[in-house]
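As stored in input.txt (compact mmCIF, C-alpha atoms):
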# COMPACT_ATOMS: atom_id res chain seq x y z
CA MET A 1 -83.88 -134.47 -232.86
CA ALA A 2 -82.41 -137.84 -233.65
CA PHE A 3 -85.75 -139.62 -234.02
CA GLY A 4 -87.06 -137.89 -237.12
CA LYS A 5 -90.64 -138.35 -238.11
CA PRO A 6 -93.20 -135.91 -239.46
CA ASP A 7 -95.37 -134.25 -236.83
CA LEU A 8 -99.09 -134.95 -236.83
CA GLY A 9 -99.97 -131.51 -238.20
CA SER A 10 -98.15 -132.24 -241.41
CA ILE A 11 -100.10 -135.40 -242.26
CA THR A 12 -103.53 -133.96 -241.42
CA PRO A 13 -104.16 -131.40 -244.15
CA LYS A 14 -106.06 -128.30 -243.07
CA GLY A 15 -109.72 -128.57 -243.99
CA ALA A 16 -109.62 -132.38 -244.26
CA ALA A 17 -111.61 -134.37 -241.69
CA PHE A 18 -109.52 -136.05 -239.03
CA ASP A 19 -108.88 -139.67 -239.98
CA PRO A 20 -107.91 -141.83 -236.97
CA ALA A 21 -106.90 -144.79 -239.16
CA LEU A 22 -104.46 -142.60 -241.10
CA VAL A 23 -103.11 -140.86 -238.02
CA ASN A 24 -102.58 -144.19 -236.26
CA LYS A 25 -100.29 -145.21 -239.12
CA MET A 26 -97.95 -142.66 -237.55
CA MET A 27 -98.85 -142.73 -233.86
CA GLY A 28 -99.03 -146.52 -233.85
CA LYS A 29 -95.94 -147.23 -235.95
CA PHE A 30 -93.30 -144.79 -234.68
CA GLY A 31 -91.98 -144.01 -231.23
CA HIS A 32 -93.66 -145.59 -228.22
CA GLY A 33 -96.80 -146.45 -230.22
CA GLY A 34 -94.55 -148.29 -232.66
CA PHE A 35 -92.75 -150.14 -229.88
CA LEU A 36 -96.16 -151.35 -228.65
CA ASN A 37 -97.35 -151.81 -232.26
CA MET A 38 -100.73 -150.18 -231.71
CA GLU A 39 -103.28 -151.01 -234.36
CA TYR A 40 -106.34 -149.08 -235.43
CA VAL A 41 -109.54 -151.10 -234.86
CA GLY A 42 -112.43 -148.68 -235.45
CA HIS A 43 -113.96 -145.33 -234.64
CA GLY A 44 -117.26 -143.41 -234.39
CA ASP A 45 -118.13 -139.72 -234.02
CA ASP A 46 -116.53 -139.40 -230.61
CA TRP A 47 -114.58 -142.62 -230.05
CA VAL A 48 -111.54 -144.48 -231.32
CA GLU A 49 -110.57 -148.08 -230.63
CA LEU A 50 -106.97 -149.32 -230.85
CA ALA A 51 -105.39 -152.65 -229.96
CA ILE A 52 -102.07 -154.13 -228.87
CA ASP A 53 -101.06 -157.77 -229.30
CA TRP A 54 -99.71 -159.66 -226.28
CA ARG A 55 -95.94 -159.98 -226.36
CA GLU A 56 -93.47 -161.62 -224.03
CA ASP A 57 -91.48 -158.41 -223.54
CA LEU A 58 -94.60 -156.48 -222.43
CA VAL A 59 -95.40 -158.62 -219.40
CA ALA A 60 -95.30 -157.59 -215.76
CA ASP A 61 -94.67 -161.05 -214.33
CA PRO A 62 -92.95 -163.82 -216.33
CA ASP A 63 -94.63 -166.49 -214.14
CA THR A 64 -98.17 -165.46 -215.11
CA GLY A 65 -97.57 -163.66 -218.42
CA ILE A 66 -100.05 -160.93 -217.49
CA LEU A 67 -99.53 -157.70 -219.39
CA ALA A 68 -97.79 -154.78 -217.65
CA SER A 69 -100.48 -152.35 -216.56
CA ALA A 70 -98.57 -149.44 -218.10
CA VAL A 71 -99.12 -150.95 -221.56
CA ILE A 72 -102.83 -150.34 -220.94
CA ILE A 73 -102.12 -146.74 -219.89
CA SER A 74 -100.25 -146.12 -223.17
CA LEU A 75 -103.07 -147.72 -225.15
CA MET A 76 -105.74 -145.65 -223.38
CA ASP A 77 -103.64 -142.47 -223.62
CA ASN A 78 -103.49 -142.82 -227.42
CA ALA A 79 -107.11 -143.94 -227.86
CA THR A 80 -108.56 -141.15 -225.68
CA SER A 81 -106.24 -138.56 -227.24
CA MET A 82 -107.38 -139.56 -230.73
CA SER A 83 -111.05 -139.54 -229.64
CA ILE A 84 -110.73 -135.78 -229.03
CA TRP A 85 -109.45 -135.09 -232.54
CA THR A 86 -112.12 -137.39 -233.93
CA LYS A 87 -114.92 -135.52 -232.12
CA LEU A 88 -113.34 -132.20 -233.08
CA GLY A 89 -112.89 -133.27 -236.69
CA GLU A 90 -109.30 -132.04 -236.87
CA PHE A 91 -105.91 -132.39 -235.27
CA ARG A 92 -104.82 -129.83 -232.70
CA PRO A 93 -101.78 -130.06 -230.43
CA GLN A 94 -102.64 -131.17 -226.91
CA VAL A 95 -101.01 -132.85 -223.95
CA THR A 96 -102.34 -135.22 -221.32
CA MET A 97 -103.14 -133.34 -218.11
CA ASP A 98 -104.10 -136.39 -216.08
CA LEU A 99 -105.28 -139.96 -216.45
CA ARG A 100 -106.85 -142.27 -213.91
CA ILE A 101 -106.99 -146.01 -214.55
CA ASP A 102 -108.97 -148.55 -212.54
CA TYR A 103 -107.70 -152.06 -213.13
CA LEU A 104 -110.72 -154.37 -212.85
CA ARG A 105 -108.69 -157.46 -213.75
CA PRO A 106 -105.37 -158.29 -215.40
CA SER A 107 -105.01 -158.74 -219.16
CA PRO A 108 -104.16 -162.46 -219.46
CA SER A 109 -101.17 -164.05 -221.18
CA GLY A 110 -101.51 -164.32 -224.95
CA GLU A 111 -104.59 -162.08 -225.14
CA ARG A 112 -104.86 -159.08 -227.44
CA VAL A 113 -105.89 -155.96 -225.53
CA TYR A 114 -108.29 -153.41 -227.01
CA GLY A 115 -108.66 -149.83 -225.79
CA ARG A 116 -111.66 -147.67 -226.60
CA GLY A 117 -111.30 -143.95 -225.90
CA ILE A 118 -114.36 -141.70 -225.82
CA CYS A 119 -114.40 -137.89 -225.77
CA TYR A 120 -117.54 -136.91 -223.87
CA HIS A 121 -116.98 -133.16 -223.67
CA LEU A 122 -114.84 -130.51 -225.32
CA THR A 123 -114.20 -126.91 -224.37
CA ASN A 124 -111.86 -124.45 -226.09
CA SER A 125 -108.96 -125.68 -224.01
CA ILE A 126 -109.90 -129.01 -222.39
CA GLY A 127 -110.90 -132.41 -223.75
CA PHE A 128 -112.71 -134.59 -221.20
CA VAL A 129 -112.33 -138.29 -221.91
CA ARG A 130 -113.23 -141.70 -220.60
CA GLY A 131 -112.70 -145.15 -221.92
CA PHE A 132 -112.18 -148.81 -221.21
CA ALA A 133 -109.96 -151.71 -222.17
CA HIS A 134 -111.10 -155.26 -222.96
CA ASN A 135 -109.87 -158.50 -224.52
CA GLY A 136 -112.33 -158.69 -227.42
CA ASN A 137 -115.70 -158.44 -225.68
CA PRO A 138 -116.51 -154.83 -224.75
CA ASP A 139 -119.04 -156.13 -222.21
CA GLU A 140 -116.18 -157.63 -220.20
CA PRO A 141 -113.90 -154.66 -219.57
CA LEU A 142 -110.55 -155.11 -217.81
CA ALA A 143 -109.88 -151.44 -217.06
CA HIS A 144 -111.70 -148.13 -216.97
CA VAL A 145 -110.08 -144.77 -217.56
CA THR A 146 -110.97 -141.11 -217.14
CA GLY A 147 -108.78 -138.17 -217.98
CA THR A 148 -108.31 -134.68 -219.36
CA PHE A 149 -106.19 -133.25 -222.14
CA ILE A 150 -105.23 -129.61 -222.53
CA ARG A 151 -104.78 -127.80 -225.80
CA ILE A 152 -101.34 -126.28 -226.32
CA GLY A 153 -100.74 -123.44 -228.76
CA ASP A 154 -102.79 -123.31 -231.91
CA ARG A 155 -103.33 -125.68 -234.78
CA ILE A 156 -100.09 -126.57 -236.55
CA SER A 157 -100.51 -126.73 -240.30
CA MET B 1 -75.45 -151.18 -201.20
CA ILE B 2 -78.44 -151.18 -203.53
CA ASP B 3 -80.54 -154.31 -203.49
CA LYS B 4 -81.20 -155.04 -207.16
CA PRO B 5 -84.24 -157.24 -207.65
CA ALA B 6 -84.93 -158.24 -211.24
CA LEU B 7 -87.17 -155.76 -213.03
CA PRO B 8 -90.11 -157.11 -215.07
CA PRO B 9 -89.68 -157.82 -218.81
CA TYR B 10 -91.69 -154.66 -219.65
CA ALA B 11 -89.25 -152.50 -217.67
CA ARG B 12 -86.21 -154.17 -219.21
CA ALA B 13 -87.66 -153.71 -222.71
CA LEU B 14 -87.77 -149.96 -222.05
CA ASP B 15 -84.18 -150.10 -220.73
CA MET B 16 -85.17 -149.19 -217.15
CA ASP B 17 -82.66 -149.93 -214.41
CA ILE B 18 -82.18 -149.35 -210.70
CA VAL B 19 -79.66 -146.52 -210.53
CA ASP B 20 -79.80 -145.27 -206.94
CA GLU B 21 -81.92 -145.26 -203.81
CA ILE B 22 -83.68 -142.59 -201.76
CA HIS B 23 -84.75 -143.43 -198.18
CA GLY B 24 -84.31 -147.10 -199.06
CA ALA B 25 -86.57 -146.94 -202.11
CA PRO B 26 -84.98 -147.82 -205.47
CA VAL B 27 -84.60 -144.99 -207.99
CA ILE B 28 -85.42 -146.24 -211.48
CA GLY B 29 -83.72 -144.62 -214.48
CA MET B 30 -85.02 -144.69 -218.05
CA PRO B 31 -82.96 -143.36 -220.96
CA PHE B 32 -84.62 -141.43 -223.78
CA ALA B 33 -85.04 -143.45 -226.99
CA ASP B 34 -87.44 -143.76 -229.89
CA ARG B 35 -89.31 -146.58 -228.11
CA VAL B 36 -90.42 -144.19 -225.31
CA GLN B 37 -91.09 -141.17 -227.52
CA GLY B 38 -94.57 -139.69 -228.02
CA ARG B 39 -94.84 -136.45 -229.97
CA PRO B 40 -91.46 -135.69 -231.57
CA GLY B 41 -88.81 -134.79 -229.00
CA PHE B 42 -90.94 -135.69 -225.96
CA LEU B 43 -91.55 -138.75 -223.83
CA HIS B 44 -94.84 -140.59 -224.32
CA GLY B 45 -97.21 -140.22 -221.34
CA GLY B 46 -97.61 -143.99 -221.22
CA ALA B 47 -93.84 -144.52 -220.93
CA ILE B 48 -93.68 -141.97 -218.09
CA SER B 49 -96.60 -143.76 -216.40
CA GLY B 50 -94.79 -147.07 -216.84
CA LEU B 51 -91.69 -145.67 -215.15
CA LEU B 52 -93.86 -144.36 -212.27
CA GLU B 53 -95.54 -147.76 -211.84
CA ILE B 54 -92.24 -149.65 -211.87
CA ALA B 55 -90.87 -147.24 -209.23
CA ALA B 56 -94.04 -147.60 -207.12
CA ILE B 57 -93.93 -151.39 -207.27
CA ALA B 58 -90.20 -151.42 -206.40
CA ALA B 59 -90.89 -149.14 -203.42
CA ILE B 60 -93.69 -151.27 -202.06
CA HIS B 61 -91.72 -154.51 -202.46
CA GLN B 62 -88.87 -152.86 -200.58
CA ALA B 63 -91.26 -151.68 -197.82
CA LEU B 64 -92.77 -155.17 -197.51
CA ARG B 65 -89.31 -156.77 -197.31
CA ALA B 66 -88.33 -154.24 -194.62
CA LYS B 67 -91.34 -155.47 -192.61
CA GLY B 68 -90.32 -159.08 -193.17
CA SER B 69 -93.46 -159.67 -195.25
CA ASP B 70 -93.59 -161.87 -198.35
CA SER B 71 -97.11 -160.75 -199.33
CA ASN B 72 -98.13 -160.33 -202.94
CA ILE B 73 -99.46 -157.06 -204.24
CA LYS B 74 -102.14 -156.25 -206.78
CA GLN B 75 -102.55 -152.81 -208.27
CA VAL B 76 -106.09 -151.45 -207.99
CA ASN B 77 -105.70 -148.09 -209.71
CA VAL B 78 -103.43 -145.21 -210.59
CA THR B 79 -103.87 -141.49 -211.19
CA VAL B 80 -101.11 -139.79 -213.11
CA ASP B 81 -100.65 -136.01 -213.22
CA PHE B 82 -98.49 -134.84 -216.10
CA MET B 83 -96.72 -131.60 -215.17
CA ARG B 84 -93.96 -131.01 -217.69
CA GLY B 85 -93.00 -132.46 -221.04
CA GLY B 86 -90.33 -135.17 -220.75
CA LEU B 87 -87.33 -134.12 -222.83
CA ASN B 88 -84.63 -136.04 -224.67
CA GLN B 89 -82.64 -136.98 -221.57
CA MET B 90 -82.50 -139.47 -218.69
CA THR B 91 -85.65 -139.70 -216.59
CA TYR B 92 -85.76 -140.93 -212.99
CA ALA B 93 -88.57 -142.07 -210.74
CA VAL B 94 -88.91 -143.09 -207.12
CA GLY B 95 -91.88 -144.35 -205.14
CA GLU B 96 -92.84 -143.42 -201.61
CA VAL B 97 -95.11 -145.71 -199.62
CA THR B 98 -97.27 -143.21 -197.78
CA ARG B 99 -99.22 -145.89 -195.95
CA LEU B 100 -98.65 -149.62 -195.72
CA GLY B 101 -101.54 -151.41 -194.05
CA ARG B 102 -102.50 -155.05 -193.78
CA THR B 103 -104.93 -155.01 -196.69
CA MET B 104 -103.86 -152.04 -198.81
CA ALA B 105 -101.07 -149.61 -199.49
CA ASN B 106 -100.98 -146.03 -200.78
CA VAL B 107 -97.98 -145.18 -202.90
CA GLU B 108 -96.89 -141.91 -204.45
CA ALA B 109 -94.33 -141.89 -207.25
CA ARG B 110 -92.42 -138.96 -208.69
CA ALA B 111 -90.68 -138.75 -212.07
CA TRP B 112 -88.12 -136.07 -212.85
CA GLN B 113 -85.24 -135.29 -215.18
CA GLU B 114 -82.55 -132.82 -214.07
CA ASP B 115 -84.16 -131.54 -210.88
CA ARG B 116 -86.12 -133.71 -208.46
CA ASP B 117 -87.92 -130.57 -207.24
CA LYS B 118 -89.36 -130.12 -210.74
CA PRO B 119 -91.29 -133.33 -211.36
CA ILE B 120 -92.43 -134.09 -214.89
CA ALA B 121 -95.18 -136.36 -213.53
CA MET B 122 -96.59 -137.75 -210.30
CA GLY B 123 -98.46 -141.02 -209.84
CA TYR B 124 -100.81 -141.95 -207.00
CA MET B 125 -101.46 -145.67 -206.66
CA HIS B 126 -103.51 -148.03 -204.52
CA TYR B 127 -102.37 -151.62 -204.04
CA LEU B 128 -104.12 -154.56 -202.48
CA ILE B 129 -101.87 -156.53 -200.14
CA LYS B 130 -102.45 -160.25 -200.46
CA ALA B 131 -100.88 -162.59 -197.94
CA ARG B 132 -99.41 -165.72 -199.51
CA THR B 133 -101.38 -168.78 -198.57
CA ALA B 134 -99.09 -171.41 -197.09
Just give me the structure as structure tokens.
Amino acid sequence: MAFGKPDLGSITPKGAAFDPALVNKMMGKFGHGGFLNMEYVGHGDDWVELAIDWREDLVADPDTGILASAVIISLMDNATSMSIWTKLGEFRPQVTMDLRIDYLRPSPSGERVYGRGICYHLTNSIGFVRGFAHNGNPDEPLAHVTGTFIRIGDRIS
Amino acid sequence: MIDKPALPPYARALDMDIVDEIHGAPVIGMPFADRVQGRPGFLHGGAISGLLEIAAIAAIHQALRAKGSDSNIKQVNVTVDFMRGGLNQMTYAVGEVTRLGRTMANVEARAWQEDRDKPIAMGYMHYLIKARTA
């Protein structure tokens, strides 16, 4: 692999509680998360909030400057994925099975976009998630998301 | 001859390009690179979704042009099914407009790598069709 970086298992020591801020230093600074420069905002028992700053090269339409909708998918994919590990208390390998996004309104030019992912149910193999994106006021969401993740293999450590 | 409309800044930033066409719809290619990588060695689900959305939008613009329409579109939602991990190679996507009505359109987009019969992801989108006001 040309794009060397440690995998998540190696920075989340076995027995240590899952730390979304620490893990985002990797997920948000390398690869696609690094390209979008995802930042950790906060977390609770079953949720994680991340954010992406508006950038000219992330827009869908140069005339309006509105953010490409796929940027919001990436943000919600990472935030919901991390909400599962947060609820679980540890990292385990998983992949996105499906995601559905409803776009209530566009994310305007120049505005930072926040994505809050919530894990509302966990089974041995599936993480059920929902979440929403906003521009700073969670009471004014711009998108809603629901999805599922499936566990692959066992814990890497 | 492939009609090559300009892709949005987001698509250009991820090095997407129109590489072919299938039934008139543009095929969008996206090379593997660190900027589209998720877990090591695999494409990020968001980058795959982005490729699907760009292909869907290109397909619907093409379908509208074929009808002689200059309407705007607005995406309402998308459901993405992830079927296979995206590997370190070129990824392609094409959209198919399954229904184009006066007020909305249903679009299905498929992303694949070596074999179009083995999609790595499928996207199902709804778009609002908005006539330009003169």
Self-check item: Atomic distance atom CA of Gly41 of chain B - atom CA of Asn88 of chain B, expressed in Å with one decimal
Solution: 6.1 Å
Exercise. Residues of chain B no more than 9 Å from chain A, counting all atoms listed in the file: send them over as a ChimeraX atom specification.
Key: /B:7-13,33-41,43-51,53-54,75-83,85,88
Size and centre in Å, one decimal, axis-aligned box, all listed segment 14-29 of chain A atoms plus 4 Å per side, as AutoDock Vina command-line options:
--center_x -103.8 --center_y -137.8 --center_z -239.1 --size_x 23.7 --size_y 26.9 --size_z 18.4
Quiz item: Hey, can you check how far atom CA of Phe132 of chain A sits from atom CA of Glu39 of chain A?
Solution: 16.0 Å
Quiz item: What is the distance, in Å and to one decimal place, between atom CA of Ala109 of chain B and atom CA of Ile18 of chain B?
Solution: 14.7 Å
Practice problem: Please provide as a ChimeraX atom specification all residues within 8 Å of segment 94-100 of chain B, with the sequence filter that same-chain residues fewer than 2 positions apart are discarded (counting only C-alpha atoms). | Solution: /B:22,25-28,52,55-60,63,92,102,104-111
Go ahead and write the residues just picked, C-alpha atoms, as a short mmCIF file (atom, residue, chain, number, x, y, z; two decimals), keeping the file's coordinate frame.
data_model
loop_
_atom_site.label_atom_id
_atom_site.label_comp_id
_atom_site.auth_asym_id
_atom_site.auth_seq_id
_atom_site.Cartn_x
_atom_site.Cartn_y
_atom_site.Cartn_z
CA ILE B 22 -83.68 -142.59 -201.76
CA ALA B 25 -86.57 -146.94 -202.11
CA PRO B 26 -84.98 -147.82 -205.47
CA VAL B 27 -84.60 -144.99 -207.99
CA ILE B 28 -85.42 -146.24 -211.48
CA LEU B 52 -93.86 -144.36 -212.27
CA ALA B 55 -90.87 -147.24 -209.23
CA ALA B 56 -94.04 -147.60 -207.12
CA ILE B 57 -93.93 -151.39 -207.27
CA ALA B 58 -90.20 -151.42 -206.40
CA ALA B 59 -90.89 -149.14 -203.42
CA ILE B 60 -93.69 -151.27 -202.06
CA ALA B 63 -91.26 -151.68 -197.82
CA TYR B 92 -85.76 -140.93 -212.99
CA ARG B 102 -102.50 -155.05 -193.78
CA MET B 104 -103.86 -152.04 -198.81
CA ALA B 105 -101.07 -149.61 -199.49
CA ASN B 106 -100.98 -146.03 -200.78
CA VAL B 107 -97.98 -145.18 -202.90
CA GLU B 108 -96.89 -141.91 -204.45
CA ALA B 109 -94.33 -141.89 -207.25
CA ARG B 110 -92.42 -138.96 -208.69
CA ALA B 111 -90.68 -138.75 -212.07
#
